[in-house]
Every structure is written in structure tokens, then in C-alpha cells.
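**Q** To be precise about what I am sending: the file is called query22.cif and holds mmCIF, C-alpha atoms and all ligand atoms.
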```cif
data_my_file
loop_
_atom_site.label_atom_id
_atom_site.label_comp_id
_atom_site.auth_asym_id
_atom_site.auth_seq_id
_atom_site.Cartn_x
_atom_site.Cartn_y
_atom_site.Cartn_z
CA MET P 1 136.40 98.73 97.26
CA PRO P 2 133.42 98.35 94.96
CA THR P 3 130.16 98.11 96.87
CA LYS P 4 127.55 95.42 96.27
CA GLU P 5 125.59 97.98 94.27
CA ASP P 6 128.69 98.83 92.15
CA LYS P 7 129.05 95.13 91.31
CA ILE P 8 125.38 94.82 90.36
CA VAL P 9 125.65 97.89 88.13
CA ALA P 10 128.86 96.55 86.52
CA ALA P 11 127.22 93.20 85.74
CA ARG P 12 124.17 94.89 84.27
CA MET P 13 126.33 97.25 82.18
CA ALA P 14 128.24 94.22 80.81
CA LEU P 15 124.94 92.63 79.81
CA MET P 16 123.96 95.86 78.09
CA GLU P 17 127.17 95.79 76.08
CA ARG P 18 126.42 92.20 75.04
CA PHE P 19 122.97 93.13 73.75
CA LYS P 20 124.13 96.29 72.01
CA LYS P 21 126.25 94.18 69.67
CA ARG P 22 123.38 91.80 68.98
CA MET P 23 120.99 94.66 68.36
CA ALA P 24 123.37 96.16 65.80
CA GLU P 25 123.58 92.78 64.06
CA THR P 26 119.87 92.07 63.82
CA PRO P 27 117.20 93.98 61.95
CA ALA P 28 114.56 95.80 63.98
CA LEU P 29 111.66 93.61 65.05
CA SER P 30 108.19 94.79 64.28
CA ASP P 31 105.81 95.75 67.02
CA GLY P 32 103.93 92.78 68.46
CA ALA P 33 101.11 95.25 69.16
CA PRO P 34 100.30 94.03 72.66
CA MET P 35 96.76 94.81 73.62
CA GLY P 36 95.01 94.45 76.94
CA THR P 37 96.43 92.35 79.70
CA GLY P 38 97.42 88.83 80.62
CA SER P 39 97.54 86.29 77.83
CA LYS P 40 95.88 88.83 75.52
CA ASN P 41 99.26 90.53 75.69
CA ARG P 42 100.47 87.49 73.80
CA HIS P 43 97.46 87.25 71.45
CA GLY P 44 96.39 84.16 73.39
CA MET P 45 99.60 82.35 72.42
CA PRO P 46 102.33 81.15 74.75
CA GLN P 47 104.62 83.62 73.05
CA LEU P 48 107.65 85.34 74.50
CA PRO P 49 108.98 88.72 73.48
CA PRO P 50 112.16 88.35 71.39
CA GLY P 51 115.25 87.32 73.33
CA GLN P 52 113.26 86.31 76.45
CA HIS P 53 112.89 82.89 78.08
CA GLU P 54 110.14 81.82 80.46
CA THR P 55 110.87 81.20 84.12
CA LYS P 56 108.45 79.43 86.42
CA GLY P 57 110.10 80.98 89.44
CA TRP P 58 110.32 84.64 90.27
CA PRO P 59 113.88 85.96 90.38
CA VAL P 60 114.67 88.95 92.58
CA LEU P 61 116.39 91.94 90.95
CA ASP P 62 117.26 95.15 92.69
CA LEU P 63 120.24 97.19 93.82
CA GLY P 64 121.31 94.64 96.39
CA TRP P 65 119.36 95.69 99.46
CA GLN P 66 115.71 95.46 100.30
CA PRO P 67 114.24 98.16 102.50
CA GLU P 68 111.88 96.94 105.19
CA ILE P 69 108.84 99.19 105.41
CA LYS P 70 106.10 98.28 107.82
CA THR P 71 102.61 99.14 106.60
CA ALA P 72 102.23 101.37 109.70
CA ASP P 73 105.20 103.46 108.51
CA TRP P 74 104.47 103.28 104.79
CA GLU P 75 103.69 106.51 102.95
CA LEU P 76 103.16 107.26 99.29
CA VAL P 77 103.60 110.85 98.18
CA VAL P 78 101.95 111.84 94.91
CA ASP P 79 102.99 115.34 93.91
CA GLY P 80 104.52 117.57 91.27
CA ALA P 81 102.35 118.74 88.36
CA VAL P 82 99.01 117.77 89.93
CA GLU P 83 96.04 119.79 91.18
CA HIS P 84 95.73 117.81 94.43
CA PRO P 85 99.08 116.60 95.76
CA MET P 86 98.67 114.04 98.52
CA LYS P 87 100.39 111.80 100.98
CA LEU P 88 98.69 108.44 101.38
CA ARG P 89 99.03 106.25 104.44
CA TRP P 90 98.27 102.52 104.31
CA ASP P 91 94.54 102.84 105.09
CA ASP P 92 94.14 105.64 102.55
CA PHE P 93 95.71 103.43 99.92
CA LEU P 94 93.45 100.47 100.70
CA ALA P 95 90.43 102.79 100.61
CA LEU P 96 91.10 103.58 96.93
CA GLU P 97 89.33 101.47 94.33
CA GLN P 98 91.01 98.05 94.22
CA SER P 99 91.63 96.20 90.96
CA GLU P 100 92.76 92.72 90.04
CA ASP P 101 94.61 91.72 86.92
CA VAL P 102 96.73 88.93 85.47
CA SER P 103 99.73 89.99 83.43
CA ASP P 104 103.22 89.10 82.32
CA PHE P 105 106.50 90.31 83.75
CA HIS P 106 109.50 90.78 81.44
CA CYS P 107 112.94 91.54 82.89
CA VAL P 108 115.52 93.04 80.57
CA THR P 109 118.03 90.44 81.84
CA THR P 110 115.97 88.01 79.62
CA TRP P 111 113.57 86.20 81.92
CA SER P 112 109.81 86.50 81.69
CA ARG P 113 107.17 85.30 84.10
CA PHE P 114 103.75 84.63 82.56
CA ASP P 115 100.32 85.19 84.07
CA VAL P 116 101.07 86.74 87.45
CA PRO P 117 97.88 87.41 89.41
CA TRP P 118 98.04 90.89 90.96
CA LYS P 119 95.87 93.03 93.18
CA GLY P 120 96.21 96.71 93.91
CA VAL P 121 95.30 100.18 92.68
CA ARG P 122 95.36 101.16 89.04
CA PHE P 123 97.80 103.97 88.40
CA ALA P 124 95.04 105.62 86.33
CA ASP P 125 92.65 105.56 89.30
CA LEU P 126 95.24 107.21 91.53
CA ALA P 127 96.02 109.76 88.81
CA ALA P 128 92.32 110.62 88.60
CA VAL P 129 92.32 111.46 92.32
CA VAL P 130 95.35 113.77 92.17
CA ALA P 131 94.30 115.29 88.81
CA PRO P 132 97.43 115.83 86.69
CA LYS P 133 97.80 119.40 85.47
CA ALA P 134 97.19 120.03 81.76
CA ASP P 135 100.92 120.28 81.08
CA ALA P 136 101.91 117.05 82.92
CA THR P 137 103.59 114.64 80.49
CA HIS P 138 105.64 112.17 82.57
CA VAL P 139 106.06 110.63 85.99
CA LEU P 140 109.19 109.84 87.90
CA CYS P 141 108.67 107.03 90.43
CA HIS P 142 110.90 107.12 93.51
CA ALA P 143 111.50 104.10 95.74
CA TYR P 144 112.58 103.57 99.35
CA ASP P 145 115.91 102.11 98.15
CA SER P 146 116.61 105.39 96.27
CA TYR P 147 115.83 103.75 92.90
CA THR P 148 113.95 105.86 90.38
CA THR P 149 112.33 105.15 87.01
CA ASN P 150 110.47 107.40 84.58
CA LEU P 151 107.41 106.82 82.39
CA PRO P 152 105.46 108.88 79.89
CA LEU P 153 101.90 109.37 81.12
CA GLU P 154 100.45 107.51 78.14
CA GLU P 155 102.26 104.36 79.28
CA ALA P 156 101.58 104.86 82.99
CA LEU P 157 97.86 105.30 82.32
CA LYS P 158 97.48 101.94 80.57
CA PRO P 159 94.88 99.90 82.44
CA ASP P 160 97.31 97.12 83.40
CA VAL P 161 99.71 99.49 85.20
CA LEU P 162 99.02 98.85 88.86
CA LEU P 163 100.40 99.73 92.27
CA VAL P 164 100.25 96.22 93.68
CA HIS P 165 100.16 95.03 97.29
CA THR P 166 99.21 91.42 96.46
CA ALA P 167 100.77 88.88 94.08
CA ASP P 168 99.90 85.19 93.70
CA GLY P 169 97.10 85.76 96.22
CA LYS P 170 99.49 86.75 99.00
CA PRO P 171 100.84 90.04 100.34
CA LEU P 172 103.66 91.17 98.05
CA PRO P 173 106.86 89.83 99.62
CA ARG P 174 109.44 92.37 100.74
CA GLU P 175 112.02 91.08 98.23
CA HIS P 176 109.59 91.77 95.38
CA GLY P 177 108.90 95.31 96.56
CA GLY P 178 106.32 94.90 99.32
CA PRO P 179 104.37 96.52 100.77
CA VAL P 180 103.68 98.21 97.41
CA ARG P 181 105.35 98.27 94.01
CA MET P 182 104.34 99.39 90.57
CA ILE P 183 104.05 97.00 87.60
CA THR P 184 104.25 97.94 83.92
CA PRO P 185 103.32 94.71 82.07
CA GLN P 186 103.70 96.18 78.58
CA LEU P 187 107.21 97.48 79.31
CA TYR P 188 110.33 95.86 80.74
CA ALA P 189 109.95 95.37 84.46
CA TRP P 190 112.59 97.92 85.48
CA LYS P 191 109.90 100.54 84.72
CA GLY P 192 108.00 99.29 87.80
CA ALA P 193 109.48 100.61 91.04
CA LYS P 194 109.58 98.20 93.98
CA TRP P 195 109.04 99.79 97.46
CA ILE P 196 107.48 102.81 95.80
CA ARG P 197 107.38 105.91 97.99
CA ARG P 198 106.75 108.84 95.67
CA ILE P 199 105.17 109.44 92.28
CA GLU P 200 106.28 112.78 90.93
CA PHE P 201 104.30 114.18 87.99
CA LEU P 202 106.51 116.15 85.60
CA THR P 203 106.04 118.59 82.74
CA ARG P 204 109.09 117.15 80.96
CA ASP P 205 110.86 113.81 80.92
CA LYS P 206 113.55 113.04 83.49
CA PRO P 207 115.50 109.76 83.21
CA GLY P 208 115.61 107.36 86.17
CA TYR P 209 118.31 105.12 87.63
CA TRP P 210 118.82 102.72 84.72
CA GLU P 211 117.77 105.23 82.07
CA VAL P 212 120.72 107.50 82.96
CA ARG P 213 122.96 104.42 82.73
CA GLY P 214 122.03 103.63 79.13
CA TYR P 215 118.84 101.61 79.35
CA SER P 216 116.18 102.44 76.79
CA ASN P 217 113.89 105.25 77.80
CA SER P 218 110.91 103.53 76.16
CA ALA P 219 111.62 99.89 77.23
CA HIS P 220 109.26 98.05 74.88
CA PRO P 221 109.82 94.24 75.15
CA TRP P 222 108.04 93.39 71.88
CA ARG P 223 110.49 95.61 70.02
CA GLU P 224 113.44 94.27 72.05
CA ASP P 225 113.92 97.87 73.02
CA ARG P 226 116.37 97.14 75.83
CA TYR P 227 119.10 99.75 75.63
CA ALA P 228 119.37 103.23 74.22
N1 LIG P 301 113.03 100.06 93.97
C1 LIG P 301 113.48 99.28 92.98
N2 LIG P 301 112.62 98.86 92.05
C2 LIG P 301 113.03 98.08 91.04
C3 LIG P 301 114.39 97.70 90.92
C4 LIG P 301 115.28 98.16 91.91
O1 LIG P 301 116.51 97.90 91.89
N3 LIG P 301 114.80 98.94 92.94
N4 LIG P 301 114.77 96.87 89.87
C5 LIG P 301 113.88 96.79 88.69
C6 LIG P 301 114.18 95.65 87.83
S1 LIG P 301 115.52 95.78 86.83
C7 LIG P 301 113.32 94.57 87.73
S2 LIG P 301 113.53 93.34 86.57
C8 LIG P 301 112.21 94.39 88.67
C9 LIG P 301 112.44 93.09 89.41
O2 LIG P 301 111.38 92.81 90.28
P1 LIG P 301 111.46 91.48 91.14
O3 LIG P 301 112.70 91.56 91.99
O4 LIG P 301 110.21 91.45 91.91
O5 LIG P 301 111.56 90.35 90.16
O6 LIG P 301 112.11 95.45 89.59
C10 LIG P 301 112.41 96.73 89.09
N5 LIG P 301 112.11 97.69 90.12
MO MO P 302 115.22 94.02 85.26
#
```
What would the structure in this file look like if it were written as C-alpha cells?
**A**
Amino acid sequence: MPTKEDKIVAARMALMERFKKRMAETPALSDGAPMGTGSKNRHGMPQLPPGQHETKGWPVLDLGWQPEIKTADWELVVDGAVEHPMKLRWDDFLALEQSEDVSDFHCVTTWSRFDVPWKGVRFADLAAVVAPKADATHVLCHAYDSYTTNLPLEEALKPDVLLVHTADGKPLPREHGGPVRMITPQLYAWKGAKWIRRIEFLTRDKPGYWEVRGYSNSAHPWREDRYA
């Protein structure tokens, strides 16, 4: 019997096959050169990355189950190729410098949500505290649902990459990855782990859950860089 997760993976793999054909049929799109955050990501225009449509709602995408982590039990481990590995509890996390931003959210399954107001900790601010070693090049983010996703440090350190605990002015709902998830506004949203529990700094790249299943390693929406 296929599990719920097997069915979700099968559906997503079918979608990947659909896009692979289209990608082979269309010429490469040039880089939209997104800069900064929020609507600046769109050059001030209500512009969607190629192949995306706007949704006013906020769909839920995950592996079919949503871990419930109370803030009292929540822990974030930051380790690997860093000078100061640490384990943060909820109060430690809230004691870090807090940032607000407004940015877009692009899911590879073709929906985009514009102008989401977020609050949380910049990945770059957390990285500064743990001090990546000189040879650190990538991170692998691990989540409480066993999901993983990888990022090169140069993407993770962009100023709009946040570990968010608040969205739309409210605590991040469990179904969207609360208490804390990562967001990667300049990449497809699968690069942002919901229910994040560990950030592992690496000295070489290591593909995550969807990346080992054929999703693009780089995941750039403006290049319609969906699948490898
Ligand atoms: N832990 C975890 N994070 C995840 C996923 C997941 O299955 N598990 N799915 C990714 C995908 S494919 C997308 S599009 C976004 C969806 O976030 P949302 O459910 O808040 O819209 O989360 C990403 N992060
Ligand atoms: Mo997604």
C-alpha cells in the first residue's frame, strides 16, 4: 500500500515530468536579476516568474503530516562546519536580533504569493553568531518532519533569507511550518524548510529531499529552474 507520502511524491514527480518536456521545448529564459526584497524583487512591477500564477490564498505543501512542536519543546541545532555550534531554545531564538521583511513566495507547483509580511531572524545574523569555518560552502536544513533541503551559503546569506516565526502579523501557523521555518524568497519555496530543527553547515554540497528526487539544485524561479 502506498503511503500518503508516496502519493504526494508520485504526484510531484508527475508534475516534474510535465515540466521537463516543456523546458526542452522552450528556450532558456534570461535572468530577471531579482534584487532586494518584496516588490523590488519584481522591479516594482506586478510581475510573476515564468510559468507561475498568483494566488491570494496560501496553499499548504508538505509531505502529508505536520509535526506539532510546542515552543517549550522547540530546539534549533546549528552545527557542522562552524566555530561555535549551538543549540537554541525558544527564548534564545527570540533574543537574537529580530528582522522584518516583505517578500514573495514561489512554489515550484506554479503558485506564487506576493508581498508576505514576515518577522524572524535573518539567516545571516544567525550565521554570524555561529561563525562558519573558512571552508564552509553549503548548509543542509533539517526539519522535524524529516524533510531536508540544501543551499549554497551565498544564497542562504542573502538578506531576505529569514527564519520566520511570524507571518501576516500572526504567529506562523503549524501547517505553514510554525513555530519556525526558513524562507528563501529568491528561490523556489521548497528551499525553505518548515518546522526547521537543524542547520548543518557543510564543506561540500549535499542534496536534500527533493533535490535527490530530481528537483533543481539551484531552484531559481526567474530562470524557471525547476528541475535538474
Ligand atoms: N519541513 C518541510 N518543509 C517544507 C516542505 C516539506 O514538505 N517539509 N515543503 C516545501 C515546499 S515544496 C513548499 S512549496 C513550501 C510550502 O510552504 P507552505 O506549506 O507554507 O505553503 O514548504 C517547503 N518546505
Ligand atoms: Mo513547493
**Q** Per residue of chain P within 6 Å of ligand MO 302 (chain P), note the shortest atom pair and the distance in Å to one decimal, counting all atoms listed in the file, and order the rows by chain and increasing residue number, as JSON lines.
**A**
```
{"residue": "P:Cys107", "atom": "CA", "partner": "P:MO302", "partner_atom": "MO", "distance": 4.1}
{"residue": "P:Val108", "atom": "CA", "partner": "P:MO302", "partner_atom": "MO", "distance": 4.8}
{"residue": "P:Thr109", "atom": "CA", "partner": "P:MO302", "partner_atom": "MO", "distance": 5.7}
{"residue": "P:Ala189", "atom": "CA", "partner": "P:MO302", "partner_atom": "MO", "distance": 5.5}
{"residue": "P:Trp190", "atom": "CA", "partner": "P:MO302", "partner_atom": "MO", "distance": 4.7}
```
**Q** Could you take the residues named above and write them with C-alpha atoms, as a PDB file, keeping the file's coordinate frame?
**A**
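result.pdb, freshly written:
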```pdb
ATOM      1  CA  CYS P 107     112.940  91.540  82.890  1.00  0.00           C
ATOM      2  CA  VAL P 108     115.520  93.040  80.570  1.00  0.00           C
ATOM      3  CA  THR P 109     118.030  90.440  81.840  1.00  0.00           C
ATOM      4  CA  ALA P 189     109.950  95.370  84.460  1.00  0.00           C
ATOM      5  CA  TRP P 190     112.590  97.920  85.480  1.00  0.00           C
TER       6      TRP P 190
END
```
**Q** Write as an NGL selection string the residues around ligand LIG 301 (chain P), taking 6 Å as the cut-off and counting all atoms listed in the file.
**A** :P and (58-63 or 107 or 143 or 145 or 147 or 176 or 189-190 or 192-195)
**Q** Excluding Glu100 (chain P) and residues on its chain fewer than 4 positions from it, collect all residues at most 7 Å away from it, counting all atoms listed in the file, and give them as a tab-separated table (two decimals) with C-alpha atoms, keeping the file's coordinate frame.
**A**
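Result file follows (result-v8.tsv):
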```tsv
chain	number	residue	atom	x	y	z
P	118	TRP	CA	98.04	90.89	90.96
P	119	LYS	CA	95.87	93.03	93.18
P	120	GLY	CA	96.21	96.71	93.91
```
**Q** Ranking P:Thr148, P:Thr166, P:Thr3, P:Ser103 by minimum distance to Thr184 (chain P) and counting all atoms listed in the file, which one comes first?
**A** P:Ser103
**Q** Quick one: of P:Gln98, P:Thr137, P:Thr110, P:Thr55, who's nearest to Glu155 (chain P), counting all atoms listed in the file?
**A** P:Thr137
**Q** When you draw a straight line from CA of Leu94 (chain P) to CA of Leu157 (chain P), how long is it in Å?
**A**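 Distance reported for this atom pair: 19.5 Å.
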**Q** Determine, counting all atoms listed in the file, which protein, DNA and RNA residues have an atom within 12 Å of an atom of Glu211 (chain P); residues of the same chain fewer than 6 positions away are not included. Present the result as an MDAnalysis selection string.
**A** chainID P and resid 13 16 140 147:151 190:191 205 217:219 226:228
